[in-house]
Every structure is written in structure tokens, then in C-alpha cells.
$ cat run.json   # JSON, C-alpha atoms
[["chain", "number", "residue", "atom", "x", "y", "z"],
["A", 200, "MET", "CA", 0.00, 0.00, 0.00],
["A", 201, "LEU", "CA", 2.73, 2.46, 1.05],
["A", 202, "SER", "CA", 4.86, 1.63, -1.96],
["A", 203, "ARG", "CA", 1.85, 2.20, -4.20],
["A", 204, "ILE", "CA", 1.34, 5.63, -2.66],
["A", 205, "GLY", "CA", 5.06, 6.30, -3.19],
["A", 206, "LEU", "CA", 4.79, 5.32, -6.83],
["A", 207, "ALA", "CA", 1.76, 7.55, -7.34],
["A", 208, "ALA", "CA", 3.57, 10.46, -5.68],
["A", 209, "ALA", "CA", 6.64, 9.93, -7.88],
["A", 210, "LEU", "CA", 4.47, 9.87, -11.01],
["A", 211, "LEU", "CA", 2.72, 13.03, -9.92],
["A", 212, "LEU", "CA", 6.02, 14.80, -9.25],
["A", 213, "ALA", "CA", 7.32, 13.75, -12.66],
["A", 214, "LEU", "CA", 4.26, 15.31, -14.28],
["A", 215, "LEU", "CA", 4.48, 18.52, -12.28],
["A", 216, "ASN", "CA", 7.62, 19.98, -13.80],
["A", 217, "PRO", "CA", 7.89, 23.77, -13.43],
["A", 218, "ALA", "CA", 6.91, 24.45, -17.04],
["A", 219, "SER", "CA", 3.39, 23.17, -16.39],
["A", 220, "ALA", "CA", 2.70, 25.72, -13.64],
["A", 221, "HIS", "CA", -0.28, 28.08, -13.84],
["A", 222, "HIS", "CA", -2.63, 27.35, -16.74],
["A", 223, "GLY", "CA", -0.23, 25.05, -18.51],
["A", 224, "TRP", "CA", 1.13, 25.59, -21.97],
["A", 225, "GLY", "CA", -1.20, 23.64, -24.18],
["A", 226, "SER", "CA", -2.61, 26.66, -25.96],
["A", 227, "TYR", "CA", 0.71, 28.48, -26.44],
["A", 228, "ASP", "CA", 3.59, 27.35, -28.62],
["A", 229, "ALA", "CA", 6.29, 27.07, -25.95],
["A", 230, "SER", "CA", 8.78, 25.60, -28.41],
["A", 231, "ARG", "CA", 9.37, 29.02, -29.94],
["A", 232, "ALA", "CA", 9.94, 32.23, -27.97],
["A", 233, "VAL", "CA", 8.93, 35.33, -29.89],
["A", 234, "THR", "CA", 9.97, 38.93, -29.26],
["A", 235, "VAL", "CA", 7.50, 41.73, -29.95],
["A", 236, "GLU", "CA", 8.61, 45.34, -29.79],
["A", 237, "GLY", "CA", 6.39, 48.33, -30.34],
["A", 238, "LYS", "CA", 4.21, 51.08, -29.04],
["A", 239, "ILE", "CA", 1.43, 50.19, -26.58],
["A", 240, "LEU", "CA", -1.91, 51.10, -28.21],
["A", 241, "THR", "CA", -4.35, 50.08, -25.49],
["A", 242, "ALA", "CA", -3.91, 48.76, -21.97],
["A", 243, "LYS", "CA", -6.39, 46.94, -19.75],
["A", 244, "TYR", "CA", -4.86, 46.84, -16.29],
["A", 245, "GLU", "CA", -7.48, 44.33, -15.13],
["A", 246, "ASN", "CA", -8.03, 40.87, -13.70],
["A", 247, "PRO", "CA", -7.80, 38.00, -14.43],
["A", 248, "HIS", "CA", -4.86, 39.08, -16.66],
["A", 249, "VAL", "CA", -3.54, 42.44, -17.74],
["A", 250, "THR", "CA", -3.81, 42.71, -21.54],
["A", 251, "LEU", "CA", -2.19, 45.14, -23.95],
["A", 252, "THR", "CA", -2.43, 45.74, -27.65],
["A", 253, "VAL", "CA", 0.93, 46.59, -29.17],
["A", 254, "GLU", "CA", 1.77, 47.95, -32.60],
["A", 255, "GLY", "CA", 4.18, 45.32, -33.93],
["A", 256, "GLU", "CA", 6.18, 45.51, -37.14],
["A", 257, "ASP", "CA", 3.62, 43.73, -39.28],
["A", 258, "LYS", "CA", 0.50, 43.52, -37.13],
["A", 259, "THR", "CA", -1.19, 44.54, -33.91],
["A", 260, "TRP", "CA", -0.45, 42.06, -31.15],
["A", 261, "THR", "CA", -2.56, 41.27, -28.12],
["A", 262, "LEU", "CA", -0.26, 40.62, -25.18],
["A", 263, "THR", "CA", -1.51, 38.67, -22.17],
["A", 264, "LEU", "CA", 0.49, 39.58, -19.08],
["A", 265, "ALA", "CA", 0.03, 38.60, -15.40],
["A", 266, "PRO", "CA", -2.84, 39.16, -12.92],
["A", 267, "VAL", "CA", -2.95, 42.68, -11.46],
["A", 268, "SER", "CA", -1.62, 41.72, -8.02],
["A", 269, "ARG", "CA", 1.40, 39.94, -9.50],
["A", 270, "MET", "CA", 2.11, 42.83, -11.88],
["A", 271, "ARG", "CA", 2.24, 45.13, -8.87],
["A", 272, "THR", "CA", 4.39, 42.94, -6.64],
["A", 273, "ARG", "CA", 6.85, 42.39, -9.48],
["A", 274, "GLY", "CA", 7.14, 46.12, -9.98],
["A", 275, "ALA", "CA", 5.05, 46.59, -13.13],
["A", 276, "ALA", "CA", 2.63, 49.30, -12.02],
["A", 277, "GLN", "CA", -0.13, 50.58, -14.29],
["A", 278, "GLU", "CA", 2.05, 53.56, -15.33],
["A", 279, "MET", "CA", 4.72, 51.19, -16.70],
["A", 280, "VAL", "CA", 2.40, 49.81, -19.39],
["A", 281, "GLU", "CA", 0.43, 52.92, -20.32],
["A", 282, "PRO", "CA", -0.54, 53.50, -23.97],
["A", 283, "GLY", "CA", 2.22, 55.34, -25.83],
["A", 284, "LYS", "CA", 5.10, 53.61, -24.08],
["A", 285, "VAL", "CA", 7.39, 51.38, -26.10],
["A", 286, "ILE", "CA", 7.45, 47.81, -24.83],
["A", 287, "THR", "CA", 9.60, 44.81, -25.61],
["A", 288, "ALA", "CA", 7.92, 41.53, -24.75],
["A", 289, "VAL", "CA", 9.28, 37.99, -24.99],
["A", 290, "GLY", "CA", 6.73, 35.22, -24.93],
["A", 291, "TYR", "CA", 4.86, 32.45, -26.67],
["A", 292, "VAL", "CA", 2.27, 32.80, -29.42],
["A", 293, "SER", "CA", -1.21, 31.36, -28.94],
["A", 294, "THR", "CA", -1.91, 28.26, -31.00],
["A", 295, "ARG", "CA", -5.49, 29.50, -31.50],
["A", 296, "ASP", "CA", -4.99, 33.19, -32.19],
["A", 297, "PRO", "CA", -1.82, 34.00, -34.16],
["A", 298, "ASP", "CA", -2.08, 37.63, -33.00],
["A", 299, "GLU", "CA", -2.07, 36.82, -29.29],
["A", 300, "MET", "CA", 1.06, 36.33, -27.24],
["A", 301, "ARG", "CA", 1.50, 35.25, -23.65],
["A", 302, "ALA", "CA", 4.37, 37.38, -22.40],
["A", 303, "GLU", "CA", 7.02, 35.78, -20.21],
["A", 304, "ARG", "CA", 8.86, 39.04, -19.57],
["A", 305, "ILE", "CA", 8.44, 42.64, -20.55],
["A", 306, "THR", "CA", 10.89, 45.50, -20.78],
["A", 307, "VAL", "CA", 9.79, 49.15, -20.68],
["A", 308, "ASP", "CA", 12.17, 52.13, -20.27],
["A", 309, "GLY", "CA", 15.06, 49.76, -19.59],
["A", 310, "LYS", "CA", 13.23, 47.96, -16.78],
["A", 311, "THR", "CA", 12.55, 44.22, -17.19],
["A", 312, "VAL", "CA", 9.84, 42.41, -15.27],
["A", 313, "GLU", "CA", 9.22, 38.65, -15.26],
["A", 314, "MET", "CA", 5.56, 37.66, -15.67],
["A", 315, "ARG", "CA", 5.69, 33.96, -14.60],
["B", 197, "MET", "CA", -14.79, 40.14, -25.18],
["B", 198, "SER", "CA", -16.40, 37.52, -27.36],
["B", 199, "PRO", "CA", -18.53, 39.15, -30.10],
["B", 200, "ASP", "CA", -20.62, 35.99, -30.74],
["B", 201, "ALA", "CA", -21.98, 35.97, -27.19],
["B", 202, "PRO", "CA", -25.59, 37.00, -26.44],
["B", 203, "ALA", "CA", -25.91, 40.78, -26.09],
["B", 204, "ILE", "CA", -27.07, 40.51, -22.49],
["B", 205, "LEU", "CA", -23.83, 38.79, -21.51],
["B", 206, "VAL", "CA", -21.73, 41.34, -23.35],
["B", 207, "ALA", "CA", -23.70, 44.03, -21.48],
["B", 208, "LEU", "CA", -23.12, 42.24, -18.17],
["B", 209, "GLU", "CA", -19.39, 42.02, -18.81],
["B", 210, "GLN", "CA", -19.21, 45.68, -19.81],
["B", 211, "SER", "CA", -21.41, 46.86, -16.94],
["B", 212, "ALA", "CA", -20.05, 48.98, -14.09],
["B", 213, "LEU", "CA", -20.10, 45.83, -11.95],
["B", 214, "GLY", "CA", -18.02, 43.88, -14.45],
["B", 215, "MET", "CA", -15.55, 46.74, -14.71],
["B", 216, "ALA", "CA", -15.32, 47.03, -10.91],
["B", 217, "ILE", "CA", -14.57, 43.32, -10.54],
["B", 218, "ARG", "CA", -11.83, 43.40, -13.18],
["B", 219, "GLN", "CA", -10.25, 46.64, -12.03],
["B", 220, "SER", "CA", -10.09, 45.75, -8.35],
["B", 221, "VAL", "CA", -6.81, 44.14, -7.34],
["B", 222, "TRP", "CA", -8.45, 41.80, -4.84],
["B", 223, "ILE", "CA", -12.11, 41.11, -5.81],
["B", 224, "TYR", "CA", -11.33, 38.59, -8.56],
["B", 225, "PRO", "CA", -8.66, 36.62, -6.67],
["B", 226, "ALA", "CA", -10.78, 36.72, -3.49],
["B", 227, "ALA", "CA", -13.81, 35.33, -5.36],
["B", 228, "ASN", "CA", -11.54, 32.72, -6.92],
["B", 229, "VAL", "CA", -10.21, 31.57, -3.53],
["B", 230, "ALA", "CA", -13.68, 31.63, -1.94],
["B", 231, "HIS", "CA", -15.06, 29.59, -4.86],
["B", 232, "ILE", "CA", -12.47, 26.87, -4.20],
["B", 233, "LEU", "CA", -13.00, 26.95, -0.42],
["B", 234, "ALA", "CA", -16.74, 26.56, -0.99],
["B", 235, "LEU", "CA", -15.94, 23.65, -3.31],
["B", 236, "THR", "CA", -14.01, 21.83, -0.58],
["B", 237, "VAL", "CA", -17.00, 22.20, 1.77],
["B", 238, "LEU", "CA", -19.40, 21.15, -0.98],
["B", 239, "ALA", "CA", -17.31, 18.11, -1.92],
["B", 240, "ALA", "CA", -16.97, 17.03, 1.71],
["B", 241, "SER", "CA", -20.67, 17.35, 2.49],
["B", 242, "VAL", "CA", -21.75, 15.74, -0.79],
["B", 243, "ALA", "CA", -19.42, 12.83, 0.00],
["B", 244, "VAL", "CA", -20.82, 12.38, 3.52],
["B", 245, "MET", "CA", -24.41, 12.62, 2.28],
["B", 246, "ASP", "CA", -23.98, 10.26, -0.67],
["B", 247, "LEU", "CA", -21.83, 7.73, 1.19],
["B", 248, "ARG", "CA", -24.50, 7.48, 3.90],
["B", 249, "LEU", "CA", -27.15, 6.97, 1.22],
["B", 250, "LEU", "CA", -24.93, 4.19, -0.17],
["B", 251, "GLY", "CA", -24.81, 2.51, 3.24],
["B", 252, "LYS", "CA", -21.45, 3.62, 4.66],
["B", 253, "PHE", "CA", -21.41, 4.60, 8.40],
["B", 254, "ARG", "CA", -24.39, 2.25, 8.71],
["B", 255, "GLU", "CA", -24.19, 2.33, 12.54],
["B", 256, "THR", "CA", -25.69, 5.82, 12.39],
["B", 257, "ALA", "CA", -29.36, 6.64, 11.81],
["B", 258, "PRO", "CA", -29.41, 7.85, 8.18],
["B", 259, "ALA", "CA", -31.42, 10.97, 9.03],
["B", 260, "ALA", "CA", -28.82, 12.02, 11.64],
["B", 261, "VAL", "CA", -26.14, 12.15, 8.92],
["B", 262, "ILE", "CA", -28.03, 13.03, 5.76],
["B", 263, "VAL", "CA", -30.15, 15.93, 7.05],
["B", 264, "PRO", "CA", -27.25, 18.07, 8.35],
["B", 265, "ALA", "CA", -25.03, 17.06, 5.43],
["B", 266, "ARG", "CA", -27.73, 18.20, 3.00],
["B", 267, "ARG", "CA", -27.91, 21.54, 4.81],
["B", 268, "ALA", "CA", -24.16, 21.94, 4.44],
["B", 269, "VAL", "CA", -24.47, 21.08, 0.74],
["B", 270, "MET", "CA", -27.09, 23.84, 0.27],
["B", 271, "LEU", "CA", -24.95, 26.38, 2.10],
["B", 272, "ALA", "CA", -21.80, 25.51, 0.15],
["B", 273, "LEU", "CA", -23.73, 25.49, -3.12],
["B", 274, "THR", "CA", -25.08, 28.98, -2.37],
["B", 275, "ALA", "CA", -21.52, 30.20, -1.72],
["B", 276, "MET", "CA", -20.37, 28.57, -4.96],
["B", 277, "VAL", "CA", -23.12, 30.28, -6.97],
["B", 278, "LEU", "CA", -22.41, 33.71, -5.44],
["B", 279, "THR", "CA", -18.64, 33.54, -5.92],
["B", 280, "GLY", "CA", -19.13, 31.93, -9.33],
["B", 281, "LEU", "CA", -21.31, 34.84, -10.41],
["B", 282, "VAL", "CA", -18.49, 37.27, -9.55],
["B", 283, "LEU", "CA", -16.01, 35.27, -11.66],
["B", 284, "PHE", "CA", -18.58, 34.92, -14.47],
["B", 285, "THR", "CA", -19.48, 38.62, -14.55],
["B", 286, "ALA", "CA", -15.84, 39.63, -15.09],
["B", 287, "GLU", "CA", -15.66, 37.61, -18.32],
["B", 288, "ALA", "CA", -19.31, 36.79, -19.07],
["B", 289, "SER", "CA", -19.23, 36.82, -22.88],
["B", 290, "HIS", "CA", -15.96, 34.93, -23.05],
["B", 291, "VAL", "CA", -16.84, 32.29, -20.45],
["B", 292, "ALA", "CA", -20.39, 31.69, -21.71],
["B", 293, "MET", "CA", -19.02, 30.69, -25.12],
["B", 294, "ASN", "CA", -16.54, 28.28, -23.53],
["B", 295, "ALA", "CA", -17.58, 24.68, -24.34],
["B", 296, "VAL", "CA", -16.35, 23.31, -21.02],
["B", 297, "PHE", "CA", -18.29, 25.98, -19.12],
["B", 298, "GLN", "CA", -21.44, 25.00, -21.02],
["B", 299, "ILE", "CA", -20.86, 21.35, -20.19],
["B", 300, "LYS", "CA", -20.31, 22.31, -16.54],
["B", 301, "MET", "CA", -23.62, 24.20, -16.40],
["B", 302, "GLY", "CA", -25.42, 21.23, -17.98],
["B", 303, "LEU", "CA", -23.91, 18.86, -15.41],
["B", 304, "ILE", "CA", -24.94, 21.19, -12.56],
["B", 305, "ALA", "CA", -28.50, 21.20, -13.92],
["B", 306, "LEU", "CA", -28.46, 17.38, -13.93],
["B", 307, "ALA", "CA", -27.06, 17.23, -10.38],
["B", 308, "VAL", "CA", -29.73, 19.64, -9.10],
["B", 309, "LEU", "CA", -32.44, 17.68, -10.93],
["B", 310, "ASN", "CA", -31.15, 14.45, -9.37],
["B", 311, "ALA", "CA", -31.22, 16.08, -5.92],
["B", 312, "LEU", "CA", -34.76, 17.39, -6.45],
["B", 313, "ILE", "CA", -36.03, 13.96, -7.50],
["B", 314, "VAL", "CA", -34.46, 12.38, -4.39],
["B", 315, "GLN", "CA", -35.84, 15.16, -2.20],
["B", 316, "ARG", "CA", -39.43, 14.22, -3.11],
["B", 317, "SER", "CA", -39.34, 10.88, -1.32],
["B", 318, "LEU", "CA", -36.25, 11.06, 0.90],
["B", 319, "PRO", "CA", -37.61, 12.72, 4.09],
["B", 320, "ALA", "CA", -40.39, 10.14, 4.43],
["B", 321, "MET", "CA", -37.92, 7.32, 3.83],
["B", 322, "LEU", "CA", -35.40, 8.72, 6.32],
["B", 323, "SER", "CA", -37.96, 9.07, 9.10],
["B", 324, "LYS", "CA", -38.75, 5.34, 8.97],
["B", 325, "THR", "CA", -35.23, 3.97, 8.37],
["B", 326, "PRO", "CA", -33.20, 3.10, 11.49],
["B", 327, "ALA", "CA", -29.46, 2.48, 11.65],
["B", 328, "MET", "CA", -28.03, -0.67, 10.01],
["B", 329, "THR", "CA", -30.87, -0.75, 7.43],
["B", 330, "PRO", "CA", -30.02, -0.32, 3.75],
["B", 331, "LEU", "CA", -31.94, 2.37, 1.90],
["B", 332, "PRO", "CA", -33.90, 1.41, -1.25],
["B", 333, "ILE", "CA", -31.83, 0.92, -4.40],
["B", 334, "ARG", "CA", -33.12, 4.10, -6.07],
["B", 335, "PHE", "CA", -31.49, 6.23, -3.36],
["B", 336, "ARG", "CA", -28.22, 4.37, -3.74],
["B", 337, "ILE", "CA", -28.29, 4.85, -7.51],
["B", 338, "ALA", "CA", -29.03, 8.55, -7.01],
["B", 339, "ALA", "CA", -26.04, 8.77, -4.64],
["B", 340, "VAL", "CA", -23.68, 7.26, -7.22],
["B", 341, "ILE", "CA", -25.03, 9.63, -9.89],
["B", 342, "SER", "CA", -24.60, 12.58, -7.52],
["B", 343, "LEU", "CA", -20.99, 11.68, -6.65],
["B", 344, "ALA", "CA", -20.06, 11.13, -10.29],
["B", 345, "LEU", "CA", -21.70, 14.39, -11.40],
["B", 346, "TRP", "CA", -20.05, 16.54, -8.72],
["B", 347, "PHE", "CA", -16.60, 15.14, -9.49],
["B", 348, "CYS", "CA", -17.15, 15.90, -13.19],
["B", 349, "ILE", "CA", -18.44, 19.39, -12.34],
["B", 350, "ALA", "CA", -15.32, 20.14, -10.29],
["B", 351, "ALA", "CA", -13.07, 18.86, -13.08],
["B", 352, "ALA", "CA", -14.94, 20.88, -15.69],
["B", 353, "GLY", "CA", -14.65, 23.99, -13.52],
["B", 354, "ARG", "CA", -10.89, 23.73, -13.43],
["B", 355, "LEU", "CA", -10.70, 22.92, -17.15],
["B", 356, "ILE", "CA", -12.51, 26.10, -18.28],
["B", 357, "ALA", "CA", -9.16, 27.93, -18.20],
["B", 358, "TYR", "CA", -7.65, 25.51, -20.75],
["B", 359, "PHE", "CA", -10.26, 25.68, -23.48]]

$ encode --input "run.json" --output "C-alpha cells"
Amino acid sequence: MLSRIGLAAALLLALLNPASAHHGWGSYDASRAVTVEGKILTAKYENPHVTLTVEGEDKTWTLTLAPVSRMRTRGAAQEMVEPGKVITAVGYVSTRDPDEMRAERITVDGKTVEMR
Amino acid sequence: MSPDAPAILVALEQSALGMAIRQSVWIYPAANVAHILALTVLAASVAVMDLRLLGKFRETAPAAVIVPARRAVMLALTAMVLTGLVLFTAEASHVAMNAVFQIKMGLIALAVLNALIVQRSLPAMLSKTPAMTPLPIRFRIAAVISLALWFCIAAAGRLIAYF
């Protein structure tokens, strides 16, 4: 019985590698990190995730960032991602919407903040 | 915002209430945490209620277990609906179009229907059933259905975020 519990726990741990934290990665192409740089057009500093639209080179991107509380504790206040600012975001593109990216980190005015 | 959603849900999402929920730092996460806490209470009381219907803890009088457990189920379910409405309002149009959310709502309807059917004949049955006496098969079948449905509902709730 105990060894069976041990086996189940080991299997569970094997499945729970750090990359599967939060909502998982199924709907984002984590095999390819993409960098988007451009002017912030609109900003929704809202739960459940802060979202921006950014004027990219060839299209307008929708960037999904972190929940409001995490944005704040990581040092990305609302003023940091205001429309008009130039942002550099590294993240993964949605497998459902080619114009949406889940940002892993953002850089604005030389300041980089991790989102995950 | 999902443009295919019914206008009333788009209006709900864009209402002052929807805005307030999204723009508050704590309302959404607090509702999220409370929704899960209510789920733990719901799951525990559903398990006690349904296991007694199935004949576990048979040394107890069924009414002594099932009546208070049912009350706890109602209370937890009320908390789930209230906190769920907060989460829903923030993203109403988006969530309503989510296939897993629709499945979840259908399963909840089935679980409530199952409970209502049982409720029609259960009090009379409980009042005449002492300890150590199995309940009629239809109550045991209803208990299995209830357990299965609530597990699926909980799973569907967590899966909404992935679809």
C-alpha cells in the first residue's frame, strides 16, 4: 500500500515539472519564444490578466500579461504599461490566435519584469 | 470580449459591476479563492451525504447524517453560486461561449435535478429507516449519480481555463 502511494507520488512529481505551472502551456507554442517590440496602443490593467495591444512591425499584437496583483508585486505598475510607451515583450504565441502572445517578460524604459 | 456571445452577456461584462470586478486588485482573486474553499465544503458534504445513502457509516441513523449534510451542501452550493457569479461577470461573454463551461452548467442542472427527484421521497424514507438498514436501491443509484456528477463538475470547472 505504502509503496503504491510512493509510486503515485513519484508519477505526480514527474508530471508537475515547473513548465506546467499556472494554466499550462497547451494553448501556447512554448517551443518558440517570440519577441515583440512596439508602441502600446491600449492597456487593460485588469483581472484576471492584464492585456495590452501593441503595434508590432507587421501587425497589432494582443499581449496577455500577469494578474494585477502579480504585476504590482513584481514592480510593473499601471504607469509602466500605459498607452504610448514602447514595450519589448518575450513570450509564446497562442496556438489558436496568431495575434495573441503570452508574455514571459516585458521591458519598458530599460526595466525588465518577469511575468511567470 | 467575445462578439458571438448574447448581447445581455456582453452588457453584463461591460457593466459597471463587471468593470469594478476586473479593475479591483483583490475582488477577482478573493472570489476565486472563496469559490475553491466553498468547493471543498461542498465536496466534503456531498461525499458524507452520498456515502450514507450508499450505506457507509451504517451504525448511524441515516437521518442524523443526511439531514445536516444536505444543509451543508445547500450552504456551500449557495456560496459557490455567489462567488461563481463574480467570476462569471468579469468575463461573461468569453466564459459563456466556452464549451467546457457550457458542459459544466449542464452537469450542474443534472445534479440539481437528481437532488430534487431524491428530495421528493427522501424525508419520508429517512424518518422510517433506522441504523443498520439499507436504503432502497433508487437512493443508492441517485447517490452514485450525484458523486459522479459533482466530481465531473469540479473537473470541468478547473478545465474552463484551458479551453

$ residues_around --input "run.json" --residues "B:Pro332" --least-positions-apart "5" --cutoff "12 Å" --atoms "all atoms listed in the file" --output "list in words"
Leu249, Leu250, Gly251, Val314, Ser317, Leu318, Met321, Leu322, Lys324, Thr325, Ile337, Ala338 and Ala339 of chain B

$ write_last_selection --input "run.json" --atoms "C-alpha atoms" --output "PDB file, in the frame of the given file"
ATOM      1  CA  LEU B 249     -27.150   6.970   1.220  1.00  0.00           C
ATOM      2  CA  LEU B 250     -24.930   4.190  -0.170  1.00  0.00           C
ATOM      3  CA  GLY B 251     -24.810   2.510   3.240  1.00  0.00           C
ATOM      4  CA  VAL B 314     -34.460  12.380  -4.390  1.00  0.00           C
ATOM      5  CA  SER B 317     -39.340  10.880  -1.320  1.00  0.00           C
ATOM      6  CA  LEU B 318     -36.250  11.060   0.900  1.00  0.00           C
ATOM      7  CA  MET B 321     -37.920   7.320   3.830  1.00  0.00           C
ATOM      8  CA  LEU B 322     -35.400   8.720   6.320  1.00  0.00           C
ATOM      9  CA  LYS B 324     -38.750   5.340   8.970  1.00  0.00           C
ATOM     10  CA  THR B 325     -35.230   3.970   8.370  1.00  0.00           C
ATOM     11  CA  ILE B 337     -28.290   4.850  -7.510  1.00  0.00           C
ATOM     12  CA  ALA B 338     -29.030   8.550  -7.010  1.00  0.00           C
ATOM     13  CA  ALA B 339     -26.040   8.770  -4.640  1.00  0.00           C
TER      14      ALA B 339
END

$ closest_residue --input "run.json" --among "B:Lys300, B:His290, B:Arg218, B:Arg354" --to "chain A" --atoms "all atoms listed in the file"
B:Arg218

$ residues_near_point --input "run.json" --point "(10.4, 44.7, -23.3)" --cutoff "9 Å" --atoms "only C-alpha atoms" --output "mmCIF file with C-alpha atoms, keeping the file's coordinate frame"
data_model
loop_
_atom_site.group_PDB
_atom_site.id
_atom_site.type_symbol
_atom_site.label_atom_id
_atom_site.label_comp_id
_atom_site.auth_asym_id
_atom_site.auth_seq_id
_atom_site.Cartn_x
_atom_site.Cartn_y
_atom_site.Cartn_z
ATOM 1 C CA THR A 234 9.970 38.930 -29.260
ATOM 2 C CA VAL A 235 7.500 41.730 -29.950
ATOM 3 C CA GLU A 236 8.610 45.340 -29.790
ATOM 4 C CA GLY A 237 6.390 48.330 -30.340
ATOM 5 C CA VAL A 285 7.390 51.380 -26.100
ATOM 6 C CA ILE A 286 7.450 47.810 -24.830
ATOM 7 C CA THR A 287 9.600 44.810 -25.610
ATOM 8 C CA ALA A 288 7.920 41.530 -24.750
ATOM 9 C CA VAL A 289 9.280 37.990 -24.990
ATOM 10 C CA ARG A 304 8.860 39.040 -19.570
ATOM 11 C CA ILE A 305 8.440 42.640 -20.550
ATOM 12 C CA THR A 306 10.890 45.500 -20.780
ATOM 13 C CA VAL A 307 9.790 49.150 -20.680
ATOM 14 C CA ASP A 308 12.170 52.130 -20.270
ATOM 15 C CA GLY A 309 15.060 49.760 -19.590
ATOM 16 C CA LYS A 310 13.230 47.960 -16.780
ATOM 17 C CA THR A 311 12.550 44.220 -17.190
ATOM 18 C CA VAL A 312 9.840 42.410 -15.270
#

$ interface_residues --input "run.json" --of "chain A" --to "chain B" --cutoff "7 Å" --atoms "all atoms listed in the file" --output "CSV table (one decimal) with C-alpha atoms, in the frame of the given file"
chain,number,residue,atom,x,y,z
A,222,HIS,CA,-2.6,27.4,-16.7
A,244,TYR,CA,-4.9,46.8,-16.3
A,245,GLU,CA,-7.5,44.3,-15.1
A,246,ASN,CA,-8.0,40.9,-13.7
A,247,PRO,CA,-7.8,38.0,-14.4
A,267,VAL,CA,-3.0,42.7,-11.5
A,268,SER,CA,-1.6,41.7,-8.0

$ atom_distance --input "run.json" --atom1 "atom CA of B:Ile304" --atom2 "atom CA of A:His248"
27.2 Å
